[in-house]
Every structure is written in C-alpha cells, then in structure tokens.
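J.: This is the structure I have questions about; it appears just below.
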Amino acid sequence: MKQKNILLIVVDCLRADHAYEKKAHIPIMRKWMGQGFSFHNVIASTSTTTPSFASLLTGLYPFQNGVRSHSGYSLKKGIKTFPQLLKEKGYNTYAEVTGPLFKKTGLNRGFDEYNYRNETETVHTEWGEKLLEKFKNHYKEPWFVLLHIWPPHLIEGLFPRRIVVSKRRSRKYGKTSFARSVSGVDLYLSKLERVLDKNTLIVLTGDHGEQISTSLSDTASKRIREMSFRVRKKLGLTKKHFVKGIRECFVGHGYNVYDLLVKVPLIFYDKKLVKKGKSECQLRQIDILPTVVDALSLKSDIACTGKSALGLMKGRKEKNRDAFVEAVGIIIPNKDEWLSGIRANNKYKYIYSPYKENYEEEFYNLEKDPDERSNIAKKNQRIIAGLKKKIKDMKTEKMLGEKMTWKTSKEEEEMKKKLKKLGYF
Ligand SMILES: [Zn+2]
C-alpha cells in the first residue's frame with residue numbers, strides 16, 4: 001500500500017475552545033472535527049512556542065529534551081526526533097516554520113528541508129500561495145510536512161495586533177480579533193485542502209493557548225501587560241496580584257499555565273484511516289506524534305515519555321494522563337518568572353514556582369471552576385501532597401536545559417533582538 005502523506009498543522013496560539021466551541025467561523029476545522037477524530041482535553045507542555053514545539057517533535061517534556069525556554073536553549077544531543085524516525089521509514093520531511101523556531105534551537109533535526117520564514121510572510125501573503133504550489137510540485141511523496149501557522153499570534157510594534165485577512169474582518173466571523181484571525185486561517189485551510197492528495201493524514205493542533213482580550217483592543221491590552229510587569233517588578237509584588245485582577249483585559253501567553261494557555265485542540269482527519277469520534281480523556285502534547293506513527297502502523301524505537309492514544313481512537317477506555325506544565329515567562333532572562341504545575345485526572349490543577357521562594361501555590365478544581373478563579377490550595381493540602389509526589393517522581397529537576405552555544409556575541413545579540421521583536425521583552 002502507498003505510504004500516507006502526513007500534514008501536521010500547528011496553528012500558533014490556537015486555544016481548544018476556539019476550535020471546538022462556536023467562537024469563530026471555521027467551517028473547515030469543524031468539518032475535519034465532525035468527520036475525523038478529536039481530543040478535547042490535550043495539554044501542551046508549556047505556554048510558550050519553542051519548548052512546546054520541542055515537546056511535540058520529541059515526545060519529551062522540556063526538562064527531558066533540553067529546550068527549556070524560548071531563548072538560549074537548544075535540543076540536547078542524541079535525542080531522536082519524530083521527523084528523524086519518519087525519515088528512516090522512507091518519508092521526505094519538510095518544516096515550514098516562523099517566529100522563534102530558529103534553526104539554532106536544533107528543532108530542524110530530522111528535516112530534509114527546514115524552511116524558516118519571517119513572520120510577516122503568512123498564509124495570507126504571497127508566501128501562502130507559494131506554499132500551495134509546493135504541495136502540488138515540490139514535496140516528494142511520501143511526505144511529512146510540519147506547517148506552523150502564525151496569524152493569531154500578536155504582532156508586536158507601535159500598535160500590537162493580530163493578522164486578520166480582509167475577508168474575515170466582519171464581527172460575524174468572531175467577536176474578537178483573535179477569533180477573526182482563526183477564522184482567516186480556516187479560510188486558508190479550505191484552499192490548502194483542495195490541493196492536498198487524498199492519501200494524506202491531516203493532524204491539526206495548537207502549540208499552546210492564548211489569553212485573549214475581550215474588553216479592550218489588543219494594543220491597549222498589550223500596554224497594560226507591559227505596564228503591570230514594570231510596576232510589579234518595582235513593587236516586588238507577585239504576578240498573581242496583577243494577573244488575577246486584570247485578566248479580562250490582558251493578552252498573550254507564557255506567563256502562567258492556566259487552561260486557556262495550555263489546552264490545545266487535536267484533530268485527526270483522514271476519511272480512510274480515521275474513524276469518526278471524539279474523546280474527553282486527558283492527553284498531553286507529547287502523545288501526539290507517538291499516536292500518529294502508531295496510526296500509520298510504523299514501528300517506533302523512540303524512547304519518549306509520550307504514548308500512543310490510538311486505543312482511544314478505536315473506542316477503548318483509558319485513564320486520564322497527568323500532564324506536567326510549565327510557564328517560562330515573557331522576559332529574558334527569566335527564571336524568577338517560571339511556574340510549573342500538574343494537571344491531574346482532568347480535574348485538578350496545581351501550580352507552584354520552582355525557583356522563587358514564597359510564591360503562593362495555586363490549586364484549582366477544574367470541574368467546579370474551569371476558569372481557575374478560586375484558589376483553594378489552603379483547604380486541599382492532602383490532595384496537593386499527592387500531586388507533589390507525582391511531580392517528584394517525574395524528576396523534573398534532573399535537567400536544567402541544554403544551553404545554546406554562540407559563535408560570536410553579535411550572533412547572540414541578534415537573536416535577542418529578534419526575540420524582543422516577537423514580544424519576549
Ligand atoms: Zn506559539
């Protein structure tokens with residue numbers, strides 16, 4: 001049988017609710033969801049792009065693969081990636097990425113072509129049209145294509161905003177600019193679907209979620225975030241004082257591990273291979289590629305923490321998979337800003353600071369309080385003790401990260417400048 005092509009679409013910042021609830025006009029994603037198999041409780045390893053992609057491509061948590069943050073880390077030597085495995089299995093492997101996913105991160109490991117583009121080149125510009133041509137003429141079958149789509153991510157500048165294609169600017173496509181931007185991505189996916197060979201497995205997910213402003217413009221919200229950061233730093237307050245108070249007019253990601261920042265959609269679509277269905281079982285981002293290779297009956301020799309979820313797709317019942325989550329902040333350097341946590345049994349979230357003393361731990365019952373508003377840590381010390389033990393057993397402290405090495409200090413400065421432009425101030 002002819003080997004299937006694999007298209008892994010990662011829409012930056014795509015929150016699970018914007019794929020699964022009627023918040024944006026997304027007929028193509030809804031069709032893939034309705035005719036394919038969707039997982040509704042998938043948890044990203046971090047709320048930041050680079051470490052989340054590293055987790056996705058290795059099936060390992062950041063503390064295992066070395067990519068611990070958005071800056072200064074690269075994939076540890078000797079770690080086999082899923083693109084490497086696919087290459088061994090006869091696939092031609094291509095990545096189309098942007099944002100902070102520089103080659104220097106080592107995330108190009110296993111790709112025949114790792115095409116990094118400037119974030120101004122999007123699916124809505126000439127680049128998007130050229131990409132459609134690549135599917136027709138350039139990618140050699142069988143192919144694995146990692147497609148990183150950027151428009152919902154906030155674009156920095158004097159007036160931070162999100163890219164919304166002109167045909168989707170009306171409020172009927174979504175109440176927020178984020179929703180309208182996602183709707184624009186869906187419009188492009190309809191074009192993409194038309195050029196794809198039928199013998200293709202489509203997998204759609206997000207790298208992490210996003211805090212969306214519902215009451216202010218993205219520009220105003222961005223300014224409030226920056227101001228709150230500066231004031232907080234000056235007064236020595238914890239981020240909790242600010243973030244909790246102004247959540248409705250806050251934007252971005254990376255600052256915490258709340259569900260809206262780490263819960264991503266996961267849809268498998270292939271009329272022949274994938275049975276229709278959905279699962280509420282809690283999964284992790286690290287389980288995605290092990291599931292893909294299993295679904296294609298490819299034997300994997302990758303020693304990763306992620307496990308296939310094919311059983312669930314075949315209708316079997318399974319236990320929720322506890323997910324370790326991290327937030328690595330939005331500033332450089334940033335260890336004081338880091339937060340870690342565990343999302344257990346699709347029910348509890350425990351958040352703590354691994355480096356800062358006296359950070360008030362947080363604990364939420366997600367069934368009763370899905371928006372994580374009411375911190376009930378004090379009354380639940382017994383459950384928290386159990387969760388702390390689970391985290392200890394993972395040995396999350398065992399690897400502090402694989403530091404990037406620089407040829408020149410100029411090279412380092414240039415990357416920092418680029419990251420600042422992307423919003424990691
Ligand atoms: Zn991202």
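Residues in the structure tokens are numbered from 1 in each chain, the chains being A, B, ... in the order shown, and ligands are numbered from 1 in the order shown.
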Do you know which residues are within 10 Å of ligand 1 using only C-alpha atoms and all ligand atoms? Can you write them as a PyMOL selection string?
T.: chain A and resi 10-14+46-53+70+98-101+148-150+152-154+206-210+252-254
J.: Please return as a VMD selection string: the residues of segment 143-237 of chain A that backbone DSSP assigns to helix (DSSP H, G or I).
T.: chain A and resid 166 to 168 171 to 173 177 to 195 218 to 235
J.: Counting only C-alpha atoms, what is within 9 Å of Lys80 of chain A, bar same-chain residues fewer than 5 positions away, as an NGL selection string?
T.: :A and (58 or 85 or 109-110 or 302-303)
J.: Fewer than 3 positions away in the same chain doesn't count, so skip those; otherwise give me all residues within 8 Å of Ser181 of chain A, counting only C-alpha atoms, as a ChimeraX atom specification.
T.: /A:151-152,162-165,168,177-178,184-185
J.: From the list A:Arg68, A:Lys278, A:Lys167, A:Arg382, which residue is nearest Met313 of chain A when using only C-alpha atoms?
T.: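 For Met313 of chain A, the nearest of the candidates is A:Lys278.
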J.: Residues at most 8 Å from segment 38-43 of chain A, counting only C-alpha atoms, excluding those fewer than 3 positions away in the same chain, as a ChimeraX atom specification?
T.: /A:16,20,33,262-268,277-285,323,325,346
J.: Restricting the output to C-alpha atoms, write the selected residues as an mmCIF file, in the first residue's frame.
T.:
```cif
data_model
loop_
_atom_site.group_PDB
_atom_site.id
_atom_site.type_symbol
_atom_site.label_atom_id
_atom_site.label_comp_id
_atom_site.auth_asym_id
_atom_site.auth_seq_id
_atom_site.Cartn_x
_atom_site.Cartn_y
_atom_site.Cartn_z
ATOM 1 C CA ALA A 16 -9.031 24.424 22.263
ATOM 2 C CA TYR A 20 -14.396 23.256 19.469
ATOM 3 C CA MET A 33 -13.615 17.565 13.582
ATOM 4 C CA VAL A 262 -2.156 25.252 27.712
ATOM 5 C CA LYS A 263 -5.261 23.483 26.412
ATOM 6 C CA VAL A 264 -5.000 22.898 22.674
ATOM 7 C CA PRO A 265 -7.198 21.162 20.097
ATOM 8 C CA LEU A 266 -6.148 17.910 18.436
ATOM 9 C CA ILE A 267 -7.964 16.706 15.336
ATOM 10 C CA PHE A 268 -7.100 13.713 13.132
ATOM 11 C CA GLY A 277 -15.384 10.183 17.058
ATOM 12 C CA LYS A 278 -14.217 12.225 19.987
ATOM 13 C CA SER A 279 -12.556 11.685 23.327
ATOM 14 C CA GLU A 280 -12.672 13.650 26.563
ATOM 15 C CA CYS A 281 -9.760 11.695 28.029
ATOM 16 C CA GLN A 282 -6.892 13.953 29.146
ATOM 17 C CA LEU A 283 -3.875 13.643 26.839
ATOM 18 C CA ARG A 284 -0.595 15.505 26.505
ATOM 19 C CA GLN A 285 1.131 17.242 23.642
ATOM 20 C CA ALA A 323 0.297 16.425 32.364
ATOM 21 C CA VAL A 325 3.050 22.003 32.555
ATOM 22 C CA ASN A 346 -8.736 16.031 34.038
#
```
J.: Could you tell me how far atom CA of Lys407 of chain A lies from atom CA of Lys335 of chain A, in Å and to one decimal?
T.: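 Computed distance, atom CA of Lys407 of chain A to atom CA of Lys335 of chain A, equals 24.4 Å.
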